[in-house]
Amino acid sequence: MPVNAPAEYFMAESKFHSAKSREEKIAAMEEMVRLMPRHHGSETAMAQLKQKLAKLKKEKGAKKKGGARLGVTKEGEAQVCILGFTNSGKSTLLKSLSGASPGISGYAYTTTRPEIGMMDYSGVKIQLVEIPSTFRSEDISVCRTAELILLLAKSGSELKELEDIMKSNFIRTKAVYANPFTEPVSDIKEKVWDALGLIIAFTRKSDGTKSPMALPDGSNISDFAKRIHKDFVKNFRFARLWRNGMVKQVGLSYVLEHGDIVEIRVK
């Protein structure tokens, strides 16, 4: 038992012992490792925890190879999970944002497995994953590795329940709230994009054609060049940048803004 562990550690430990699935056990133990005090007196306990965690993950991998259901493979520039109760508008919103065709009806629990769609934002693809309202551990675990969670709720009490579900499943992913019954789809789309903290810069080829590239806000020309090819930084001469109708020559440390058009020149 760790020395001077916070109350949250023991909550995670209790969650581990009451967990019914391997995914829930892994999530709880990961939280225990995160909350374990880092000092000399806890080194043995930490090592034991990490050993048990590694064993659980190894068993989970073996189960997948045996034909168990696999998780959702990430695609696009970011993954956004849509979380909400039954009939919260998840499937309708997924269809509106991506053109996907999930099952939609007035009955509860129409969605029984994660539904996936790709949202286009100025040529950049964002993966949307609708999580079933059954909130099964193997489904909701996708939220832990996503870049963002979109919480759909009709009221403050529903939102609080969703936040409690995230907390009880040790999900610390950034989340934003929307009500698809009162907010236009276009506004929700912008809300998702803003929360991801990305910008779009366009590569410009010698023939004048352009293609979009998503980058974290605050990225510079070096980050941009690396995304094209690592040798573009090594052999970099200069970059020509178009912004607000003006063109200038810039170096690797120049910070990009949303909408910039960049042409890389190499040696």
# chains A, B, ... in the order shown; residues from 1 in each chain; ligands from 1
call {"tool": "closest_atom_pairs", "arguments": {"of": "region 28-94 of chain A", "to": "region 182-197 of chain A", "cutoff": "9 Å", "atoms": "only C-alpha atoms", "output": "JSON lines"}}
result
{"residue": "A:Ala78", "atom": "CA", "partner": "A:Leu196", "partner_atom": "CA", "distance": 7.9}
{"residue": "A:Val80", "atom": "CA", "partner": "A:Val192", "partner_atom": "CA", "distance": 8.2}
{"residue": "A:Leu93", "atom": "CA", "partner": "A:Val185", "partner_atom": "CA", "distance": 7.3}
call {"tool": "select_by_dssp", "arguments": {"residues": "region 12-182 of chain A", "states": "strand (DSSP E)", "output": "PyMOL selection string"}}
result
chain A and resi 78-84+115-121+124-130+148-152+175-178
call {"tool": "write_last_selection", "arguments": {"atoms": "N, CA and C atoms", "output": "tab-separated table (two decimals), in the first residue's frame"}}
result
chain	number	residue	atom	x	y	z
A	78	ALA	N	-7.65	14.13	-36.26
A	78	ALA	CA	-8.02	14.06	-34.84
A	78	ALA	C	-9.23	13.16	-34.69
A	79	GLN	N	-9.41	12.63	-33.49
A	79	GLN	CA	-10.55	11.77	-33.19
A	79	GLN	C	-11.42	12.45	-32.13
A	80	VAL	N	-12.71	12.54	-32.42
A	80	VAL	CA	-13.67	13.17	-31.51
A	80	VAL	C	-14.76	12.16	-31.19
A	81	CYS	N	-14.96	11.87	-29.90
A	81	CYS	CA	-16.01	10.96	-29.47
A	81	CYS	C	-17.27	11.75	-29.11
A	82	ILE	N	-18.42	11.26	-29.56
A	82	ILE	CA	-19.70	11.89	-29.25
A	82	ILE	C	-20.36	11.07	-28.15
A	83	LEU	N	-20.60	11.72	-27.01
A	83	LEU	CA	-21.12	11.03	-25.84
A	83	LEU	C	-22.44	11.67	-25.41
A	84	GLY	N	-23.46	10.84	-25.20
A	84	GLY	CA	-24.75	11.36	-24.78
A	84	GLY	C	-25.69	10.22	-24.43
A	115	GLU	N	-20.33	4.04	-33.87
A	115	GLU	CA	-20.53	4.40	-35.27
A	115	GLU	C	-19.50	5.46	-35.64
A	116	ILE	N	-18.94	5.35	-36.84
A	116	ILE	CA	-17.83	6.22	-37.24
A	116	ILE	C	-18.18	7.01	-38.48
A	117	GLY	N	-17.76	8.27	-38.50
A	117	GLY	CA	-17.91	9.12	-39.67
A	117	GLY	C	-16.74	10.08	-39.74
A	118	MET	N	-16.53	10.70	-40.91
A	118	MET	CA	-15.43	11.65	-41.08
A	118	MET	C	-16.01	13.03	-41.39
A	119	MET	N	-15.70	13.98	-40.55
A	119	MET	CA	-16.14	15.36	-40.74
A	119	MET	C	-15.08	16.11	-41.55
A	120	ASP	N	-15.53	16.80	-42.59
A	120	ASP	CA	-14.62	17.60	-43.41
A	120	ASP	C	-14.64	19.04	-42.92
A	121	TYR	N	-13.46	19.58	-42.62
A	121	TYR	CA	-13.35	20.98	-42.23
A	121	TYR	C	-12.29	21.62	-43.12
A	124	VAL	N	-9.74	19.27	-44.26
A	124	VAL	CA	-9.12	18.45	-43.22
A	124	VAL	C	-10.15	17.47	-42.69
A	125	LYS	N	-9.74	16.22	-42.51
A	125	LYS	CA	-10.66	15.17	-42.05
A	125	LYS	C	-10.53	14.95	-40.54
A	126	ILE	N	-11.67	15.01	-39.84
A	126	ILE	CA	-11.74	14.76	-38.42
A	126	ILE	C	-12.63	13.53	-38.20
A	127	GLN	N	-12.12	12.53	-37.49
A	127	GLN	CA	-12.89	11.32	-37.24
A	127	GLN	C	-13.87	11.54	-36.08
A	128	LEU	N	-15.13	11.20	-36.32
A	128	LEU	CA	-16.16	11.27	-35.29
A	128	LEU	C	-16.57	9.85	-34.90
A	129	VAL	N	-16.66	9.60	-33.61
A	129	VAL	CA	-17.04	8.28	-33.12
A	129	VAL	C	-18.22	8.43	-32.16
A	130	GLU	N	-19.37	7.90	-32.56
A	130	GLU	CA	-20.55	7.94	-31.69
A	130	GLU	C	-20.48	6.75	-30.72
A	148	LEU	N	-10.72	14.72	-28.30
A	148	LEU	CA	-11.80	15.55	-27.77
A	148	LEU	C	-13.05	14.71	-27.58
A	149	ILE	N	-13.88	15.09	-26.60
A	149	ILE	CA	-15.18	14.46	-26.40
A	149	ILE	C	-16.25	15.54	-26.55
A	150	LEU	N	-17.25	15.25	-27.35
A	150	LEU	CA	-18.38	16.15	-27.53
A	150	LEU	C	-19.54	15.60	-26.71
A	151	LEU	N	-19.90	16.30	-25.65
A	151	LEU	CA	-20.99	15.88	-24.77
A	151	LEU	C	-22.30	16.48	-25.24
A	152	LEU	N	-23.29	15.64	-25.52
A	152	LEU	CA	-24.60	16.11	-25.95
A	152	LEU	C	-25.59	15.96	-24.81
A	175	ALA	N	-13.24	17.97	-22.99
A	175	ALA	CA	-14.63	17.82	-23.44
A	175	ALA	C	-15.28	19.18	-23.66
A	176	VAL	N	-16.19	19.24	-24.63
A	176	VAL	CA	-17.02	20.42	-24.86
A	176	VAL	C	-18.47	19.97	-24.89
A	177	TYR	N	-19.36	20.91	-24.59
A	177	TYR	CA	-20.79	20.59	-24.49
A	177	TYR	C	-21.57	21.23	-25.63
A	178	ALA	N	-22.59	20.52	-26.11
A	178	ALA	CA	-23.48	21.07	-27.13
A	178	ALA	C	-24.87	20.48	-26.95
call {"tool": "residues_around", "arguments": {"residues": "region 34-51 of chain A", "least_positions_apart": "3", "cutoff": "10 Å", "atoms": "only C-alpha atoms", "output": "PyMOL selection string"}}
result
chain A and resi 1-10+12+28-31+54-56
call {"tool": "write_last_selection", "arguments": {"atoms": "C-alpha atoms", "output": "mmCIF file, in the first residue's frame"}}
result
data_model
loop_
_atom_site.group_PDB
_atom_site.id
_atom_site.type_symbol
_atom_site.label_atom_id
_atom_site.label_comp_id
_atom_site.auth_asym_id
_atom_site.auth_seq_id
_atom_site.Cartn_x
_atom_site.Cartn_y
_atom_site.Cartn_z
ATOM 1 C CA MET A 1 0.000 0.000 0.000
ATOM 2 C CA PRO A 2 1.473 3.399 -0.943
ATOM 3 C CA VAL A 3 2.558 5.847 1.735
ATOM 4 C CA ASN A 4 0.425 8.999 2.074
ATOM 5 C CA ALA A 5 -1.676 8.182 -0.995
ATOM 6 C CA PRO A 6 -4.480 10.658 -1.734
ATOM 7 C CA ALA A 7 -8.141 9.715 -1.313
ATOM 8 C CA GLU A 8 -8.502 9.522 -5.111
ATOM 9 C CA TYR A 9 -6.001 6.637 -5.132
ATOM 10 C CA PHE A 10 -8.179 4.537 -2.856
ATOM 11 C CA ALA A 12 -9.391 4.031 -8.005
ATOM 12 C CA ALA A 28 -8.518 1.837 -12.734
ATOM 13 C CA MET A 29 -4.961 0.571 -12.392
ATOM 14 C CA GLU A 30 -3.636 3.248 -14.759
ATOM 15 C CA GLU A 31 -5.274 5.792 -12.460
ATOM 16 C CA ALA A 54 1.628 -4.789 -17.875
ATOM 17 C CA LYS A 55 0.215 -8.277 -17.277
ATOM 18 C CA LEU A 56 -3.370 -7.044 -17.706
#
call {"tool": "closest_residue", "arguments": {"among": "A:Arg243, A:His258, A:Arg227, A:Phe232", "to": "Leu198 (chain A)", "atoms": "only C-alpha atoms"}}
result
A:His258
call {"tool": "closest_residue", "arguments": {"among": "A:Glu59, A:Glu77, A:Glu263, A:Asp207", "to": "Ile221 (chain A)", "atoms": "only C-alpha atoms"}}
result
A:Glu263
call {"tool": "closest_atom_pairs", "arguments": {"of": "region 110-220 of chain A", "to": "region 13-17 of chain A", "cutoff": "10 Å", "atoms": "only C-alpha atoms", "output": "tab-separated table"}}
result
residue	atom	partner	partner_atom	distance
A:Ser168	CA	A:Lys15	CA	8.3
A:Asn169	CA	A:Lys15	CA	9.0
A:Phe170	CA	A:Lys15	CA	9.9
call {"tool": "write_last_selection", "arguments": {"atoms": "C-alpha atoms", "output": "PDB file, in the first residue's frame"}}
result
ATOM      1  CA  SER A 168     -16.080   7.106 -12.956  1.00  0.00           C
ATOM      2  CA  ASN A 169     -14.409   5.684 -16.059  1.00  0.00           C
ATOM      3  CA  PHE A 170     -11.232   7.718 -15.488  1.00  0.00           C
TER       4      PHE A 170
END
call {"tool": "decode", "arguments": {"residues": "region 115-127 of chain A", "atoms": "N, CA and C atoms", "output": "mmCIF file, in the first residue's frame"}}
result
data_model
loop_
_atom_site.group_PDB
_atom_site.id
_atom_site.type_symbol
_atom_site.label_atom_id
_atom_site.label_comp_id
_atom_site.auth_asym_id
_atom_site.auth_seq_id
_atom_site.Cartn_x
_atom_site.Cartn_y
_atom_site.Cartn_z
ATOM 1 N N GLU A 115 -20.331 4.039 -33.867
ATOM 2 C CA GLU A 115 -20.528 4.402 -35.270
ATOM 3 C C GLU A 115 -19.495 5.459 -35.638
ATOM 4 N N ILE A 116 -18.938 5.347 -36.838
ATOM 5 C CA ILE A 116 -17.830 6.216 -37.238
ATOM 6 C C ILE A 116 -18.176 7.015 -38.482
ATOM 7 N N GLY A 117 -17.756 8.271 -38.501
ATOM 8 C CA GLY A 117 -17.913 9.125 -39.668
ATOM 9 C C GLY A 117 -16.737 10.081 -39.743
ATOM 10 N N MET A 118 -16.531 10.701 -40.913
ATOM 11 C CA MET A 118 -15.433 11.646 -41.084
ATOM 12 C C MET A 118 -16.008 13.032 -41.390
ATOM 13 N N MET A 119 -15.700 13.975 -40.549
ATOM 14 C CA MET A 119 -16.138 15.360 -40.744
ATOM 15 C C MET A 119 -15.082 16.108 -41.550
ATOM 16 N N ASP A 120 -15.534 16.802 -42.589
ATOM 17 C CA ASP A 120 -14.620 17.598 -43.409
ATOM 18 C C ASP A 120 -14.637 19.043 -42.917
ATOM 19 N N TYR A 121 -13.456 19.575 -42.617
ATOM 20 C CA TYR A 121 -13.350 20.982 -42.235
ATOM 21 C C TYR A 121 -12.292 21.624 -43.121
ATOM 22 N N SER A 122 -12.756 22.332 -44.140
ATOM 23 C CA SER A 122 -11.862 23.007 -45.097
ATOM 24 C C SER A 122 -10.836 22.048 -45.690
ATOM 25 N N GLY A 123 -11.264 20.824 -45.943
ATOM 26 C CA GLY A 123 -10.379 19.832 -46.554
ATOM 27 C C GLY A 123 -9.665 18.950 -45.563
ATOM 28 N N VAL A 124 -9.742 19.267 -44.265
ATOM 29 C CA VAL A 124 -9.123 18.453 -43.222
ATOM 30 C C VAL A 124 -10.154 17.465 -42.688
ATOM 31 N N LYS A 125 -9.743 16.224 -42.507
ATOM 32 C CA LYS A 125 -10.656 15.175 -42.050
ATOM 33 C C LYS A 125 -10.532 14.951 -40.543
ATOM 34 N N ILE A 126 -11.666 15.008 -39.845
ATOM 35 C CA ILE A 126 -11.738 14.757 -38.419
ATOM 36 C C ILE A 126 -12.628 13.532 -38.199
ATOM 37 N N GLN A 127 -12.116 12.535 -37.490
ATOM 38 C CA GLN A 127 -12.891 11.322 -37.240
ATOM 39 C C GLN A 127 -13.869 11.536 -36.084
#
